[in-house]
file target_34.csv (CSV, C-alpha atoms)
chain,number,residue,atom,x,y,z
R,1,MET,CA,0.0,0.0,0.0
R,2,ARG,CA,1.3,3.4,-0.8
R,3,GLN,CA,2.0,6.1,1.7
R,4,THR,CA,-0.6,8.4,0.1
R,5,ASP,CA,-3.3,5.6,0.5
R,6,ILE,CA,-2.5,5.2,4.2
R,7,ALA,CA,-2.4,9.0,4.7
R,8,SER,CA,-5.9,9.2,3.1
R,9,LEU,CA,-7.3,6.5,5.4
R,10,VAL,CA,-5.8,8.2,8.4
R,11,ASP,CA,-7.3,11.6,7.2
R,12,TYR,CA,-10.7,9.9,7.0
R,13,LEU,CA,-10.2,8.6,10.5
R,14,TYR,CA,-9.5,12.1,11.8
R,15,TRP,CA,-12.5,13.4,9.9
R,16,LEU,CA,-14.7,10.9,11.7
R,17,ARG,CA,-13.1,11.8,15.0
R,18,ASP,CA,-13.6,15.5,14.4
R,19,GLY,CA,-17.2,15.0,13.6
R,20,ALA,CA,-17.7,13.0,16.8
R,21,MET,CA,-15.8,15.3,18.9
R,22,ASP,CA,-17.6,18.4,17.6
R,23,LYS,CA,-20.9,16.8,18.5
R,24,ALA,CA,-19.6,15.6,21.8
R,25,SER,CA,-18.5,19.1,22.7
R,26,GLU,CA,-22.1,20.2,22.3
R,27,LEU,CA,-23.3,17.9,25.0
R,28,SER,CA,-23.8,19.0,28.6
R,29,PRO,CA,-21.3,17.5,31.0
R,30,ALA,CA,-23.9,15.1,32.3
R,31,ALA,CA,-24.7,13.9,28.7
R,32,PHE,CA,-21.0,13.5,27.9
R,33,LEU,CA,-20.7,11.3,31.0
R,34,SER,CA,-24.0,9.5,30.5
R,35,PRO,CA,-23.8,5.8,31.3
R,36,GLY,CA,-25.6,4.7,28.1
R,37,THR,CA,-23.6,2.3,26.1
R,38,VAL,CA,-23.2,0.7,22.7
R,39,ALA,CA,-21.6,-2.7,23.1
R,40,TYR,CA,-20.0,-2.2,26.5
R,41,ARG,CA,-18.7,1.4,26.6
R,42,ASP,CA,-20.3,4.7,27.2
R,43,LEU,CA,-19.5,7.7,24.9
R,44,ARG,CA,-16.5,9.0,26.9
R,45,GLY,CA,-15.1,5.4,27.3
R,46,THR,CA,-15.5,4.8,23.6
R,47,LEU,CA,-13.7,7.9,22.6
R,48,VAL,CA,-10.9,7.5,25.2
R,49,HIS,CA,-10.5,3.8,24.1
R,50,GLU,CA,-10.0,4.9,20.5
R,51,LEU,CA,-7.4,7.5,21.4
R,52,ASP,CA,-5.7,4.8,23.5
R,53,VAL,CA,-5.7,2.3,20.7
R,54,GLU,CA,-4.3,4.8,18.2
R,55,ARG,CA,-1.6,6.0,20.6
R,56,SER,CA,-0.5,2.5,21.7
R,57,TRP,CA,-0.4,1.1,18.2
R,58,ARG,CA,1.7,4.0,16.9
R,59,ARG,CA,4.1,3.7,19.8
R,60,ARG,CA,4.3,-0.1,19.4
R,61,LEU,CA,4.8,0.1,15.7
R,62,ARG,CA,7.6,2.6,16.1
R,63,GLY,CA,9.4,0.3,18.4
R,64,ALA,CA,8.8,2.0,21.8
R,65,PRO,CA,9.3,-0.1,24.9
R,66,LYS,CA,6.3,-2.0,26.1
R,67,VAL,CA,6.1,0.2,29.2
R,68,GLU,CA,5.3,3.1,26.9
R,69,TRP,CA,2.6,1.5,24.8
R,70,ASP,CA,1.1,-1.0,27.2
R,71,ALA,CA,-0.5,1.5,29.5
R,72,PHE,CA,-4.2,2.3,29.4
R,73,LEU,CA,-5.7,5.8,29.3
R,74,ALA,CA,-8.3,6.3,32.1
R,75,PRO,CA,-11.6,7.8,31.0
R,76,GLU,CA,-11.7,9.6,34.3
R,77,ASP,CA,-8.8,11.6,33.2
R,78,TYR,CA,-11.0,13.3,30.6
R,79,PRO,CA,-13.9,15.0,32.3
R,80,ASP,CA,-15.1,16.6,29.1
R,81,ALA,CA,-14.8,16.5,25.4
R,82,THR,CA,-12.4,19.5,25.3
R,83,SER,CA,-9.7,17.8,27.4
R,84,LEU,CA,-9.9,14.7,25.3
R,85,ALA,CA,-9.8,16.7,22.0
R,86,GLU,CA,-6.7,18.6,23.2
R,87,ASP,CA,-4.8,15.4,24.0
R,88,TRP,CA,-5.9,13.9,20.7
R,89,ARG,CA,-4.6,16.8,18.7
R,90,ARG,CA,-1.1,16.2,20.1
R,91,ASP,CA,-1.3,12.5,19.1
R,92,GLN,CA,-2.6,13.5,15.6
R,93,SER,CA,0.5,15.7,15.1
R,94,GLU,CA,2.8,12.8,16.1
R,95,MET,CA,0.9,10.4,13.8
R,96,ARG,CA,1.0,12.8,10.8
R,97,ASP,CA,4.7,13.5,11.3
R,98,TRP,CA,5.5,9.8,11.4
R,99,LEU,CA,3.4,8.9,8.4
R,100,ALA,CA,4.9,11.9,6.4
R,101,ALA,CA,8.4,10.5,7.1
R,102,SER,CA,7.4,6.9,6.1
R,103,THR,CA,8.0,5.7,2.6
R,104,ASP,CA,6.2,3.2,0.5
R,105,GLU,CA,9.0,0.8,1.3
R,106,ASP,CA,8.6,1.3,5.0
R,107,LEU,CA,4.9,0.6,4.7
R,108,ASP,CA,5.5,-2.6,2.8
R,109,ALA,CA,8.2,-3.9,5.2
R,110,PRO,CA,7.2,-6.6,7.6
R,111,VAL,CA,7.0,-5.6,11.3
R,112,ARG,CA,7.3,-7.9,14.3
R,113,VAL,CA,4.6,-7.0,16.8
R,114,ASN,CA,2.8,-9.0,19.5
R,115,ASP,CA,5.0,-12.0,18.6
R,116,LEU,CA,3.6,-11.9,15.1
R,117,GLU,CA,5.9,-11.6,12.1
R,118,GLY,CA,5.3,-11.0,8.5
R,119,PHE,CA,2.5,-8.4,8.5
R,120,ALA,CA,3.5,-5.2,6.6
R,121,LEU,CA,3.4,-2.0,8.5
R,122,SER,CA,0.6,-0.8,6.3
R,123,THR,CA,-1.5,-3.8,7.4
R,124,TYR,CA,-1.3,-2.8,11.0
R,125,LEU,CA,-2.1,0.8,10.1
R,126,VAL,CA,-5.2,-0.3,8.2
R,127,HIS,CA,-6.2,-2.3,11.3
R,128,VAL,CA,-5.9,0.9,13.4
R,129,VAL,CA,-8.1,2.8,10.9
R,130,MET,CA,-10.7,0.0,10.8
R,131,HIS,CA,-10.8,-0.1,14.6
R,132,GLY,CA,-11.4,3.6,14.6
R,133,VAL,CA,-14.2,3.3,12.1
R,134,GLU,CA,-15.8,0.8,14.5
R,135,SER,CA,-15.3,3.0,17.5
R,136,PHE,CA,-16.6,6.1,15.8
R,137,SER,CA,-19.7,4.2,14.6
R,138,ALA,CA,-20.4,3.3,18.2
R,139,ALA,CA,-19.9,7.0,19.2
R,140,ALA,CA,-22.1,8.1,16.4
R,141,ILE,CA,-24.9,5.9,17.7
R,142,LEU,CA,-24.5,7.3,21.2
R,143,LEU,CA,-24.4,10.8,19.9
R,144,HIS,CA,-27.5,10.3,17.8
R,145,ARG,CA,-29.4,8.9,20.9
R,146,ALA,CA,-28.4,12.1,22.7
R,147,GLY,CA,-29.8,14.2,19.9
R,148,HIS,CA,-26.5,15.2,18.3
R,149,SER,CA,-26.2,13.2,15.1
R,150,VAL,CA,-22.9,13.3,13.3
R,151,GLY,CA,-24.7,12.9,10.0
R,152,GLU,CA,-23.3,10.9,7.1
R,153,ALA,CA,-19.9,9.4,7.9
R,154,GLY,CA,-19.0,7.0,5.1
R,155,PHE,CA,-15.7,7.1,3.2
R,156,LEU,CA,-17.4,8.5,0.1
R,157,ASP,CA,-19.0,11.2,2.3
R,158,TYR,CA,-15.5,12.1,3.4
R,159,ILE,CA,-14.3,12.2,-0.2
R,160,ASP,CA,-17.2,14.5,-1.2
R,161,TRP,CA,-16.3,16.7,1.8
R,162,THR,CA,-12.6,17.0,0.7
R,163,ARG,CA,-13.7,17.9,-2.8
R,164,THR,CA,-16.0,20.6,-1.4
R,165,ILE,CA,-13.3,22.2,0.8
R,166,ARG,CA,-10.9,22.2,-2.1
R,167,ARG,CA,-13.3,24.2,-4.2
R,168,VAL,CA,-13.7,26.9,-1.5
call {"tool": "encode", "arguments": {"input": "target_34.csv", "output": "structure tokens"}}
result
Amino acid sequence: MRQTDIASLVDYLYWLRDGAMDKASELSPAAFLSPGTVAYRDLRGTLVHELDVERSWRRRLRGAPKVEWDAFLAPEDYPDATSLAEDWRRDQSEMRDWLAASTDEDLDAPVRVNDLEGFALSTYLVHVVMHGVESFSAAAILLHRAGHSVGEAGFLDYIDWTRTIRRV
């Protein structure tokens, strides 16, 4: 997979995140902390889990020691959507810098992670994006239930959105 393909998928992931976080920031503190769940996490837990997964996989794939990537983020550390969004922006910057420095050859190279060998770096990154799509789908359901729908969120919706902002 080419670097531009991975970058596009990660951009889509951040577009989904931004839509979810924009709507989450409209919620009252009580609604943001509501115990309602999809699967087994509430909205805050779902969003924090997604940040945790993105962060831990990036650190793991970059070869960080286990102590750096095998720590869990606590939802309680994020009392509102703003605190979560701020932390996520820092992670986004690190991810984008890393991807920008990655070549097609880097992405095709096998990486040893979790005692698994042979998967290309791009395969792990696609896994991270697909996990994010799942997480943001759950968040979208919770937000819709709270009266704050994120609207259309498919990949083609993202592509249409990018075409719209390029014309502006």
call {"tool": "closest_residue", "arguments": {"input": "target_34.csv", "among": "R:Ala139, R:Ala153, R:Ala24, R:Ala120", "to": "Glu50 of chain R", "atoms": "only C-alpha atoms"}}
result
R:Ala139
call {"tool": "closest_residue", "arguments": {"input": "target_34.csv", "among": "R:Ala64, R:Ala138, R:Val128, R:Ala146", "to": "Ile6 of chain R", "atoms": "all atoms listed in the file"}}
result
R:Val128
call {"tool": "residues_around", "arguments": {"input": "target_34.csv", "residues": "Phe72 of chain R", "least_positions_apart": "5", "cutoff": "12 Å", "atoms": "only C-alpha atoms", "output": "list in words"}}
result
Gly45, Val48, His49, Glu50, Leu51, Asp52, Val53, Glu54, Arg55, Ser56, Trp57, Lys66, Val67 and Asp77 of chain R
call {"tool": "closest_atom_pairs", "arguments": {"input": "target_34.csv", "of": "segment 67-147 of chain R", "to": "segment 27-39 of chain R", "cutoff": "12 Å", "atoms": "all atoms listed in the file", "output": "tab-separated table"}}
result
residue	atom	partner	partner_atom	distance
R:Pro75	CA	R:Leu33	CA	9.7
R:Glu76	CA	R:Leu33	CA	9.7
R:Tyr78	CA	R:Leu33	CA	9.9
R:Pro79	CA	R:Leu33	CA	7.8
R:Asp80	CA	R:Pro29	CA	6.5
R:Ala81	CA	R:Phe32	CA	7.3
R:Thr82	CA	R:Pro29	CA	10.8
R:Leu84	CA	R:Phe32	CA	11.5
R:Glu134	CA	R:Ala39	CA	10.9
R:Ser135	CA	R:Val38	CA	9.7
R:Phe136	CA	R:Val38	CA	11.0
R:Ser137	CA	R:Val38	CA	9.5
R:Ala138	CA	R:Val38	CA	5.9
R:Ala139	CA	R:Val38	CA	7.9
R:Ala140	CA	R:Val38	CA	9.8
R:Ile141	CA	R:Val38	CA	7.4
R:Leu142	CA	R:Val38	CA	6.9
R:Leu143	CA	R:Leu27	CA	8.8
R:His144	CA	R:Leu27	CA	11.3
R:Arg145	CA	R:Gly36	CA	9.2
R:Ala146	CA	R:Ala31	CA	7.3
R:Gly147	CA	R:Leu27	CA	9.1
call {"tool": "closest_residue", "arguments": {"input": "target_34.csv", "among": "R:Asp106, R:Glu86, R:Glu152, R:Glu94", "to": "Met21 of chain R", "atoms": "all atoms listed in the file"}}
result
R:Glu86
call {"tool": "closest_residue", "arguments": {"input": "target_34.csv", "among": "R:Arg41, R:Arg17, R:Arg167, R:His131", "to": "Gln92 of chain R", "atoms": "only C-alpha atoms"}}
result
R:Arg17
call {"tool": "closest_residue", "arguments": {"input": "target_34.csv", "among": "R:Tyr124, R:Trp15, R:Tyr40, R:Trp88", "to": "Leu73 of chain R", "atoms": "all atoms listed in the file"}}
result
R:Trp88
call {"tool": "closest_residue", "arguments": {"input": "target_34.csv", "among": "R:Ala20, R:Ala71, R:Leu61, R:Val10", "to": "Phe119 of chain R", "atoms": "only C-alpha atoms"}}
result
R:Leu61
call {"tool": "atom_distance", "arguments": {"input": "target_34.csv", "atom1": "atom CA of Glu105 of chain R", "atom2": "atom CA of Thr162 of chain R"}}
result
27.0 Å
call {"tool": "atom_distance", "arguments": {"input": "target_34.csv", "atom1": "atom CA of Arg89 of chain R", "atom2": "atom CA of Gly63 of chain R"}}
result
21.6 Å
call {"tool": "atom_distance", "arguments": {"input": "target_34.csv", "atom1": "atom CA of Leu99 of chain R", "atom2": "atom CA of Arg2 of chain R"}}
result
10.9 Å
call {"tool": "residues_around", "arguments": {"input": "target_34.csv", "residues": "Thr103 of chain R", "least_positions_apart": "3", "cutoff": "12 Å", "atoms": "all atoms listed in the file", "output": "JSON, numbers by chain"}}
result
{"R": [1, 2, 3, 4, 5, 6, 7, 98, 99, 100, 106, 107, 108, 109, 121, 122]}
